[in-house]
>>> print(open('query31.tsv').read())   # TSV, C-alpha atoms
chain	number	residue	atom	x	y	z
A	1	MET	CA	0.00	0.00	0.00
A	2	SER	CA	1.25	3.44	-0.85
A	3	ALA	CA	2.69	5.38	2.09
A	4	THR	CA	0.67	8.41	0.97
A	5	LEU	CA	-2.60	6.49	1.15
A	6	ILE	CA	-1.66	5.03	4.55
A	7	LEU	CA	-0.97	8.56	5.78
A	8	LEU	CA	-4.29	9.84	4.44
A	9	VAL	CA	-6.39	7.02	5.90
A	10	THR	CA	-4.55	6.98	9.25
A	11	PHE	CA	-5.01	10.70	9.87
A	12	THR	CA	-8.62	10.80	8.74
A	13	LEU	CA	-9.48	7.75	10.87
A	14	ALA	CA	-7.84	9.48	13.84
A	15	GLY	CA	-9.89	12.59	13.10
A	16	ALA	CA	-13.06	10.50	12.96
A	17	ALA	CA	-12.30	8.81	16.28
A	18	VAL	CA	-11.75	12.13	18.03
A	19	ASP	CA	-14.80	13.68	16.32
A	20	VAL	CA	-17.06	10.88	17.52
A	21	ARG	CA	-15.81	11.24	21.10
A	22	SER	CA	-15.52	15.01	21.46
A	23	ARG	CA	-17.39	16.46	18.45
A	24	ARG	CA	-14.27	18.32	17.34
A	25	ILE	CA	-11.18	17.68	15.24
A	26	PRO	CA	-7.96	18.98	16.83
A	27	ASN	CA	-5.91	21.61	15.02
A	28	VAL	CA	-2.71	19.69	15.76
A	29	LEU	CA	-4.03	16.75	13.73
A	30	THR	CA	-5.04	18.86	10.73
A	31	ALA	CA	-1.86	20.95	10.84
A	32	THR	CA	0.31	17.84	10.97
A	33	LEU	CA	-1.52	16.36	8.00
A	34	ALA	CA	-1.16	19.64	6.09
A	35	PHE	CA	2.61	19.68	6.70
A	36	ALA	CA	2.74	16.01	5.71
A	37	ALA	CA	1.02	16.91	2.43
A	38	PHE	CA	3.93	19.20	1.57
A	39	ALA	CA	6.44	16.53	2.61
A	40	VAL	CA	4.70	13.97	0.39
A	41	HIS	CA	4.95	16.23	-2.67
A	42	ALA	CA	8.34	17.85	-1.89
A	43	GLY	CA	10.24	15.38	-4.07
A	44	ASP	CA	8.16	16.35	-7.09
A	45	GLY	CA	9.54	19.90	-7.29
A	46	ALA	CA	8.38	23.45	-6.72
A	47	GLY	CA	5.44	23.12	-9.11
A	48	ALA	CA	4.02	20.22	-7.10
A	49	LEU	CA	4.40	22.20	-3.86
A	50	PHE	CA	2.61	25.16	-5.43
A	51	LEU	CA	-0.19	22.86	-6.63
A	52	THR	CA	-0.44	21.29	-3.16
A	53	ALA	CA	-0.84	24.75	-1.61
A	54	ALA	CA	-3.38	25.72	-4.26
A	55	VAL	CA	-5.43	22.56	-3.69
A	56	MET	CA	-5.49	23.16	0.06
A	57	ILE	CA	-6.39	26.85	-0.33
A	58	VAL	CA	-9.22	26.19	-2.78
A	59	SER	CA	-10.65	23.30	-0.75
A	60	PHE	CA	-10.39	25.38	2.43
A	61	ALA	CA	-12.14	28.33	0.76
A	62	LEU	CA	-14.97	26.13	-0.51
A	63	GLY	CA	-15.19	24.47	2.89
A	64	ALA	CA	-15.34	27.89	4.57
A	65	LEU	CA	-18.41	28.64	2.46
A	66	ALA	CA	-19.97	25.39	3.66
A	67	PHE	CA	-19.02	26.31	7.24
A	68	SER	CA	-20.59	29.76	6.90
A	69	VAL	CA	-24.00	28.26	6.14
A	70	GLY	CA	-23.72	25.56	8.79
A	71	TRP	CA	-23.07	22.53	6.60
A	72	LEU	CA	-19.65	21.67	8.09
A	73	GLY	CA	-17.71	22.39	11.24
A	74	GLY	CA	-14.40	24.23	11.24
A	75	GLY	CA	-12.36	21.12	12.03
A	76	ASP	CA	-14.08	19.26	9.20
A	77	VAL	CA	-13.10	22.01	6.77
A	78	LYS	CA	-9.47	21.95	7.88
A	79	LEU	CA	-9.27	18.15	7.75
A	80	ILE	CA	-10.73	18.06	4.24
A	81	ALA	CA	-8.29	20.75	3.06
A	82	ALA	CA	-5.29	18.89	4.50
A	83	ALA	CA	-6.53	15.57	3.06
A	84	CYS	CA	-6.93	17.22	-0.35
A	85	GLY	CA	-3.33	18.39	-0.08
A	86	VAL	CA	-2.20	14.81	0.48
A	87	ALA	CA	-4.30	13.51	-2.41
A	88	GLY	CA	-3.01	16.27	-4.69
A	89	TYR	CA	-4.56	17.29	-7.96
A	90	PRO	CA	-6.61	15.75	-9.59
A	91	GLY	CA	-6.95	13.13	-6.83
A	92	CYS	CA	-8.54	15.72	-4.55
A	93	ILE	CA	-11.57	15.91	-6.82
A	94	TRP	CA	-12.18	12.17	-6.42
A	95	LEU	CA	-11.46	12.40	-2.70
A	96	VAL	CA	-14.08	15.12	-2.18
A	97	LEU	CA	-16.59	13.14	-4.23
A	98	PHE	CA	-16.02	10.07	-2.05
A	99	ILE	CA	-16.32	12.21	1.11
A	100	LEU	CA	-19.62	13.68	-0.10
A	101	ILE	CA	-21.02	10.23	-0.90
A	102	SER	CA	-19.83	8.94	2.46
A	103	GLY	CA	-21.49	11.91	4.18
A	104	ALA	CA	-24.77	11.25	2.39
A	105	VAL	CA	-24.72	7.59	3.39
A	106	LEU	CA	-23.83	8.49	6.99
A	107	GLY	CA	-26.66	11.04	7.10
A	108	ILE	CA	-29.20	8.55	5.76
A	109	VAL	CA	-28.09	5.84	8.21
A	110	GLN	CA	-28.18	8.22	11.17
A	111	ALA	CA	-31.56	9.67	10.18
A	112	ALA	CA	-33.02	6.20	9.72
A	113	GLY	CA	-31.64	5.11	13.08
A	114	GLN	CA	-33.28	8.12	14.73
A	115	ARG	CA	-36.52	7.55	12.79
A	116	ARG	CA	-36.07	10.93	11.09
A	117	LEU	CA	-35.60	9.73	7.52
A	118	LEU	CA	-38.52	11.76	6.11
A	119	ALA	CA	-37.23	14.92	7.80
A	120	PHE	CA	-33.78	14.16	6.40
A	121	ILE	CA	-35.19	13.79	2.89
A	122	ARG	CA	-37.15	17.05	3.25
A	123	ASN	CA	-34.00	18.84	4.47
A	124	ALA	CA	-31.92	17.41	1.61
A	125	THR	CA	-34.55	18.45	-0.92
A	126	ALA	CA	-34.74	21.97	0.52
A	127	LEU	CA	-30.96	22.19	0.49
A	128	ALA	CA	-30.78	21.08	-3.14
A	129	MET	CA	-33.54	23.48	-4.20
A	130	THR	CA	-32.60	26.60	-2.23
A	131	GLY	CA	-29.17	26.06	-0.71
A	132	ALA	CA	-30.67	27.04	2.64
A	133	ALA	CA	-29.66	25.35	5.86
A	134	PRO	CA	-32.36	23.00	7.16
A	135	GLN	CA	-34.83	24.03	9.86
A	136	THR	CA	-34.02	20.93	11.91
A	137	PRO	CA	-30.45	19.97	11.08
A	138	THR	CA	-29.15	16.44	11.38
A	139	LEU	CA	-25.92	16.81	13.32
A	140	LEU	CA	-23.30	14.22	12.50
A	141	PRO	CA	-19.66	13.79	13.33
A	142	TYR	CA	-18.57	14.56	9.75
A	143	GLY	CA	-15.06	13.33	10.55
A	144	VAL	CA	-16.54	9.85	10.08
A	145	ALA	CA	-17.63	10.78	6.55
A	146	ILE	CA	-14.18	12.22	5.83
A	147	ALA	CA	-12.54	8.99	7.00
A	148	GLY	CA	-15.03	6.89	5.05
A	149	GLY	CA	-14.45	8.92	1.90
A	150	SER	CA	-10.68	8.78	2.35
A	151	THR	CA	-10.79	5.03	2.83
A	152	ALA	CA	-12.97	4.60	-0.26
A	153	TYR	CA	-10.58	6.83	-2.24
A	154	ALA	CA	-7.60	4.77	-1.09
A	155	LEU	CA	-9.30	1.49	-1.94
A	156	ALA	CA	-10.41	2.75	-5.34
A	157	THR	CA	-6.88	3.94	-6.05
A	158	LEU	CA	-5.32	0.65	-4.98
A	159	LEU	CA	-7.83	-1.69	-6.54
A	160	ALA	CA	-8.32	0.32	-9.73
A	161	VAL	CA	-12.08	-0.25	-9.45
A	162	ILE	CA	-12.44	3.12	-11.11
A	163	ARG	CA	-9.80	5.18	-12.86
A	164	VAL	CA	-8.66	7.51	-10.08
A	165	PRO	CA	-5.63	9.46	-11.24
>>> encode(input="query31.tsv", output="structure tokens")
Amino acid sequence: MSATLILLVTFTLAGAAVDVRSRRIPNVLTATLAFAAFAVHAGDGAGALFLTAAVMIVSFALGALAFSVGWLGGGDVKLIAAACGVAGYPGCIWLVLFILISGAVLGIVQAAGQRRLLAFIRNATALAMTGAAPQTPTLLPYGVAIAGGSTAYALATLLAVIRVP
């Protein structure tokens, strides 16, 4: 298994474990992963380091928008940005897609477990139609979705189930 994928999955699983217990993702974890992203791509030259920084900045900016409307927590945004830095470009696009799918599955499972599936569907529909935050949000430890998406990304990369660059 690639050391980069082990790094990605290990840090996101650690983030998920802490998020489940404390409902936060520590800055030390996200900062360490962000520095590791630069270390992973350092051997590829200055252009790769610039692209790593750009990927993290863009994913952080988009995540900050999601944070501002209440879709994600601050630690979630930082963990996604650092994970995108590790995945690099264009891998970060696939990584975010896997994280979003994982988040949707997690939300459906949690809503069903709480017998709030219809409310979840109404909230998701309203979100898709208007972009507005739901009236009764379903709060989840999104670190779990980040870890699930990262694991799916790593498996897809290793097993070549789909063509992930």
>>> closest_residue(input="query31.tsv", among="A:Pro26, A:Gly15, A:Gly85, A:Gly91", to="A:Tyr153", atoms="only C-alpha atoms")
A:Gly91
>>> atom_distance(input="query31.tsv", atom1="atom CA of A:Ala111", atom2="atom CA of A:Gly143")
16.9 Å
>>> residues_around(input="query31.tsv", residues="A:Thr12", least_positions_apart="5", cutoff="10 Å", atoms="all atoms listed in the file", output="compact mmCIF listing (two decimals) with C-alpha atoms, in the coordinates of the input")
# COMPACT_ATOMS: atom_id res chain seq x y z
CA ILE A 6 -1.66 5.03 4.55
CA LEU A 7 -0.97 8.56 5.78
CA ALA A 17 -12.30 8.81 16.28
CA VAL A 18 -11.75 12.13 18.03
CA ILE A 25 -11.18 17.68 15.24
CA LEU A 29 -4.03 16.75 13.73
CA THR A 30 -5.04 18.86 10.73
CA LEU A 33 -1.52 16.36 8.00
CA LEU A 79 -9.27 18.15 7.75
CA ILE A 80 -10.73 18.06 4.24
CA ALA A 82 -5.29 18.89 4.50
CA ALA A 83 -6.53 15.57 3.06
CA GLY A 143 -15.06 13.33 10.55
CA VAL A 144 -16.54 9.85 10.08
CA ALA A 145 -17.63 10.78 6.55
CA ILE A 146 -14.18 12.22 5.83
CA ALA A 147 -12.54 8.99 7.00
CA GLY A 148 -15.03 6.89 5.05
CA GLY A 149 -14.45 8.92 1.90
CA SER A 150 -10.68 8.78 2.35
CA THR A 151 -10.79 5.03 2.83
>>> atom_distance(input="query31.tsv", atom1="atom CA of A:Asn27", atom2="atom CA of A:Leu13")
14.9 Å
>>> residues_around(input="query31.tsv", residues="A:Ile108", least_positions_apart="6", cutoff="12 Å", atoms="only C-alpha atoms", output="number ranges by chain")
A: 101-102, 114-124, 138-140, 145
>>> residues_near_point(input="query31.tsv", point="(-5.2, 25.2, -0.4)", cutoff="12 Å", atoms="only C-alpha atoms", output="PyMOL selection string")
chain A and resi 34-35+37-38+49-64+77-89+92
>>> atom_distance(input="query31.tsv", atom1="atom CA of A:Asp19", atom2="atom CA of A:Leu159")
28.4 Å
>>> closest_residue(input="query31.tsv", among="A:Leu5, A:Val20, A:Ala126, A:Ala66", to="A:Leu158", atoms="only C-alpha atoms")
A:Leu5
>>> build_atoms(input="query31.tsv", residues="stretch 94-121 of chain A", atoms="N, CA and C atoms", output="tab-separated table (two decimals), in the frame of the given file")
chain	number	residue	atom	x	y	z
A	94	TRP	N	-11.61	13.47	-6.75
A	94	TRP	CA	-12.18	12.17	-6.42
A	94	TRP	C	-12.35	12.02	-4.92
A	95	LEU	N	-11.38	12.49	-4.16
A	95	LEU	CA	-11.46	12.40	-2.70
A	95	LEU	C	-12.70	13.13	-2.18
A	96	VAL	N	-12.91	14.35	-2.63
A	96	VAL	CA	-14.08	15.12	-2.18
A	96	VAL	C	-15.37	14.42	-2.60
A	97	LEU	N	-15.40	13.87	-3.79
A	97	LEU	CA	-16.59	13.14	-4.23
A	97	LEU	C	-16.87	11.95	-3.31
A	98	PHE	N	-15.84	11.20	-2.97
A	98	PHE	CA	-16.02	10.07	-2.05
A	98	PHE	C	-16.45	10.54	-0.66
A	99	ILE	N	-15.92	11.67	-0.20
A	99	ILE	CA	-16.32	12.21	1.11
A	99	ILE	C	-17.79	12.62	1.08
A	100	LEU	N	-18.22	13.27	0.00
A	100	LEU	CA	-19.62	13.68	-0.10
A	100	LEU	C	-20.56	12.48	-0.12
A	101	ILE	N	-20.20	11.45	-0.86
A	101	ILE	CA	-21.02	10.23	-0.90
A	101	ILE	C	-21.06	9.58	0.48
A	102	SER	N	-19.91	9.52	1.12
A	102	SER	CA	-19.83	8.94	2.46
A	102	SER	C	-20.69	9.74	3.44
A	103	GLY	N	-20.67	11.06	3.32
A	103	GLY	CA	-21.49	11.91	4.18
A	103	GLY	C	-22.97	11.69	3.96
A	104	ALA	N	-23.36	11.51	2.71
A	104	ALA	CA	-24.77	11.25	2.39
A	104	ALA	C	-25.22	9.92	2.99
A	105	VAL	N	-24.39	8.90	2.84
A	105	VAL	CA	-24.72	7.59	3.39
A	105	VAL	C	-24.79	7.67	4.92
A	106	LEU	N	-23.83	8.33	5.54
A	106	LEU	CA	-23.83	8.49	6.99
A	106	LEU	C	-25.08	9.23	7.45
A	107	GLY	N	-25.46	10.28	6.74
A	107	GLY	CA	-26.66	11.04	7.10
A	107	GLY	C	-27.91	10.20	7.00
A	108	ILE	N	-28.03	9.41	5.94
A	108	ILE	CA	-29.20	8.55	5.76
A	108	ILE	C	-29.26	7.50	6.86
A	109	VAL	N	-28.13	6.87	7.16
A	109	VAL	CA	-28.09	5.84	8.21
A	109	VAL	C	-28.45	6.45	9.57
A	110	GLN	N	-27.88	7.59	9.89
A	110	GLN	CA	-28.18	8.22	11.17
A	110	GLN	C	-29.65	8.64	11.25
A	111	ALA	N	-30.16	9.24	10.19
A	111	ALA	CA	-31.56	9.67	10.18
A	111	ALA	C	-32.50	8.47	10.31
A	112	ALA	N	-32.19	7.40	9.62
A	112	ALA	CA	-33.02	6.20	9.72
A	112	ALA	C	-32.97	5.63	11.13
A	113	GLY	N	-31.79	5.62	11.72
A	113	GLY	CA	-31.64	5.11	13.08
A	113	GLY	C	-32.39	5.94	14.11
A	114	GLN	N	-32.55	7.23	13.83
A	114	GLN	CA	-33.28	8.12	14.73
A	114	GLN	C	-34.75	8.26	14.32
A	115	ARG	N	-35.15	7.49	13.33
A	115	ARG	CA	-36.52	7.55	12.79
A	115	ARG	C	-36.86	8.96	12.30
A	116	ARG	N	-35.88	9.57	11.63
A	116	ARG	CA	-36.07	10.93	11.09
A	116	ARG	C	-35.77	10.95	9.59
A	117	LEU	N	-35.96	9.83	8.93
A	117	LEU	CA	-35.60	9.73	7.52
A	117	LEU	C	-36.41	10.69	6.65
A	118	LEU	N	-37.71	10.83	6.91
A	118	LEU	CA	-38.52	11.76	6.11
A	118	LEU	C	-38.06	13.20	6.32
A	119	ALA	N	-37.74	13.58	7.54
A	119	ALA	CA	-37.23	14.92	7.80
A	119	ALA	C	-35.89	15.13	7.09
A	120	PHE	N	-35.07	14.08	7.09
A	120	PHE	CA	-33.78	14.16	6.40
A	120	PHE	C	-33.98	14.38	4.90
A	121	ILE	N	-34.91	13.66	4.32
A	121	ILE	CA	-35.19	13.79	2.89
A	121	ILE	C	-35.74	15.19	2.58
